[in-house]
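One structure is given below, encoded as C-alpha cells.
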Amino acid sequence: METFRTPQLNLIHSVLELAKNINRHQEFVLKEFNLSHEQLNILIILFYDSCKPSLSLLEIQEKMILSTTNTSRLVDKLKEKKLVTRKANRENRRKVKIQITKKGEILVRQATEKIKYYTDKINLKISDEESFKLNKKITEINEIVLDWH
C-alpha cells in the first residue's frame with residue numbers, strides 16, 4: 001500500500017483506487033450485455049429511479065451519476081438496441097419523452113442482478129452501521145468538492 005504525507009491524502013487515493021476498480025469490474029460485467037456504464041445508468045433511471053412512465057432528456061441528464069452532455073446520443077444508441085422508445089411531444093416537437101421498453105426492463109434487471117452478486121460480497125465486509133458512517137463522510141467530502149467550482 002502506498003503511503004502519503006497525510007492520512008487524508010491516503011484516503012483520497014484509496015477512494016479513487018476503489019472507484020477505478022469498481023468501474024473496471026462493472027465494465028467487464030456490462031460487456032456481456034453490450035452496455036456502457038452511462039447506458040445502464042439511463043436504463044436504471046428509467047426503470048428504478050423514476051415514478052413517471054417516461055422522462056425528458058433533461059430529466060434523465062439531471063439524474064445521471066456521471067453528468068454527460070451526450071445524453072441524447074446515448075438514448076439514440078439505446079433506441080437502436082430497442083431498449084427505449086423516444087417520442088416527441090405533439091405540441092412541442094423539441095420536448096422528447098424517453099420510455100424503457102420491456103426488452104430494456106429485462107436487460108436492466110439481468111445486468112443489475114449480475115452486478116448485485118458481486119456487490120453482495122462487499123456487504124459481507126462492511127456492516128450497515130459502517131456503511132452509513134462512511135456514506136455520511138463521503139457525502140460531506142463530496143459537498144466540499146462540489147463547492148470548489
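We label chains A, B, ... in the order they appear in the C-alpha cells, count residues from 1 in each chain, and number ligands from 1 in the order shown.
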Could you give me, as JSON lines, a per-residue list for stretch 41-139 of chain A showing, wherever an atom lies at most 9 Å from an atom of stretch 14-30 of chain A, the closest pair of atoms and their distance in Å to one decimal, using only C-alpha atoms and sorting by chain then residue number from low to high?
```
{"residue": "A:Ala111", "atom": "CA", "partner": "A:Leu30", "partner_atom": "CA", "distance": 6.9}
{"residue": "A:Lys114", "atom": "CA", "partner": "A:Val29", "partner_atom": "CA", "distance": 7.4}
{"residue": "A:Ile115", "atom": "CA", "partner": "A:Gln26", "partner_atom": "CA", "distance": 7.0}
```
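Backbone DSSP of stretch 35-138 of chain A yields strand (DSSP E or B) at Leu55, Ser56, Val84, Thr85, Arg86, Lys87, Ala88, Val96, Lys97, Ile98, Gln99 and Ile100 of chain A.
The neighbours of A:Thr112 here are the residues that come within 12 Å of it, using only C-alpha atoms and leaving out any residue fewer than 3 positions away in the same chain; they are Gln26, Val29, Leu30, Phe33, Leu35, His37, Leu40, Asn41, Leu43, Ile44, Phe47, Tyr48, Gly104, Glu105, Ile106, Leu107, Val108, Arg109, Ile115, Lys116, Tyr117, Tyr118, Thr119 and Asp120 of chain A.
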Any chance you could export the current selection's N, CA and C atoms as a tab-separated table (two decimals), in the first residue's frame?
```
chain	number	residue	atom	x	y	z
A	26	GLN	N	-17.22	-3.39	-13.36
A	26	GLN	CA	-18.54	-3.23	-13.97
A	26	GLN	C	-18.44	-3.20	-15.49
A	29	VAL	N	-18.43	-6.76	-16.55
A	29	VAL	CA	-19.77	-7.36	-16.45
A	29	VAL	C	-20.68	-6.83	-17.56
A	30	LEU	N	-20.61	-5.53	-17.84
A	30	LEU	CA	-21.52	-4.91	-18.81
A	30	LEU	C	-21.21	-5.30	-20.26
A	33	PHE	N	-23.61	-7.62	-21.70
A	33	PHE	CA	-24.90	-7.06	-22.06
A	33	PHE	C	-24.80	-6.01	-23.16
A	35	LEU	N	-23.51	-3.06	-23.05
A	35	LEU	CA	-23.91	-1.78	-22.48
A	35	LEU	C	-22.70	-1.04	-21.92
A	37	HIS	N	-21.50	1.99	-19.00
A	37	HIS	CA	-21.98	2.45	-17.69
A	37	HIS	C	-23.09	3.48	-17.85
A	40	LEU	N	-26.37	1.92	-18.99
A	40	LEU	CA	-27.02	1.24	-17.87
A	40	LEU	C	-27.61	2.27	-16.91
A	41	ASN	N	-26.87	3.35	-16.67
A	41	ASN	CA	-27.35	4.41	-15.79
A	41	ASN	C	-28.70	4.96	-16.28
A	43	LEU	N	-30.91	3.41	-18.20
A	43	LEU	CA	-31.93	2.36	-18.02
A	43	LEU	C	-32.36	2.26	-16.56
A	44	ILE	N	-31.40	2.37	-15.64
A	44	ILE	CA	-31.73	2.32	-14.21
A	44	ILE	C	-32.60	3.50	-13.83
A	47	PHE	N	-36.07	2.82	-15.19
A	47	PHE	CA	-36.75	1.65	-14.63
A	47	PHE	C	-36.93	1.73	-13.12
A	48	TYR	N	-35.89	2.11	-12.40
A	48	TYR	CA	-35.94	2.07	-10.93
A	48	TYR	C	-36.17	3.44	-10.29
A	104	GLY	N	-35.78	-3.60	-22.54
A	104	GLY	CA	-34.90	-2.80	-21.68
A	104	GLY	C	-35.05	-3.16	-20.22
A	105	GLU	N	-36.30	-3.40	-19.80
A	105	GLU	CA	-36.55	-3.79	-18.41
A	105	GLU	C	-35.89	-5.12	-18.09
A	106	ILE	N	-36.01	-6.07	-19.00
A	106	ILE	CA	-35.40	-7.39	-18.80
A	106	ILE	C	-33.88	-7.25	-18.70
A	107	LEU	N	-33.31	-6.49	-19.61
A	107	LEU	CA	-31.86	-6.33	-19.65
A	107	LEU	C	-31.34	-5.61	-18.39
A	108	VAL	N	-32.02	-4.57	-17.94
A	108	VAL	CA	-31.56	-3.84	-16.76
A	108	VAL	C	-31.68	-4.73	-15.52
A	109	ARG	N	-32.70	-5.55	-15.45
A	109	ARG	CA	-32.83	-6.49	-14.32
A	109	ARG	C	-31.66	-7.48	-14.33
A	115	ILE	N	-24.45	-7.51	-11.31
A	115	ILE	CA	-23.62	-6.59	-10.54
A	115	ILE	C	-23.88	-6.77	-9.05
A	116	LYS	N	-25.14	-6.98	-8.67
A	116	LYS	CA	-25.52	-7.17	-7.27
A	116	LYS	C	-24.83	-8.40	-6.68
A	117	TYR	N	-24.67	-9.43	-7.47
A	117	TYR	CA	-23.99	-10.65	-6.99
A	117	TYR	C	-22.60	-10.29	-6.44
A	118	TYR	N	-21.90	-9.42	-7.15
A	118	TYR	CA	-20.56	-9.04	-6.72
A	118	TYR	C	-20.59	-8.01	-5.59
A	119	THR	N	-21.55	-7.09	-5.60
A	119	THR	CA	-21.61	-6.11	-4.52
A	119	THR	C	-22.05	-6.76	-3.21
A	120	ASP	N	-22.77	-7.88	-3.30
A	120	ASP	CA	-23.14	-8.61	-2.08
A	120	ASP	C	-21.89	-9.09	-1.34
```
TODO: Considering only C-alpha atoms, return as a PyMOL selection string whatever protein or nucleic-acid residues lie within 10 Å of A:Ile42, sequence-local ones (same chain, fewer than 6 positions apart) excluded.
DONE: chain A and resi 36+48-49+57+60-61+63-65+71+74-75+78+84+98+100+108
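Interatomic distance, atom CA of A:Leu146 to atom CA of A:Arg5: 24.0 Å.
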- [ ] Determine which residues of stretch 37-121 of chain A receive a DSSP assignment of helix (DSSP H, G or I), computed from the backbone, and state them as a ChimeraX atom specification.
- [x] /A:37-49,57-63,71-80,102-121
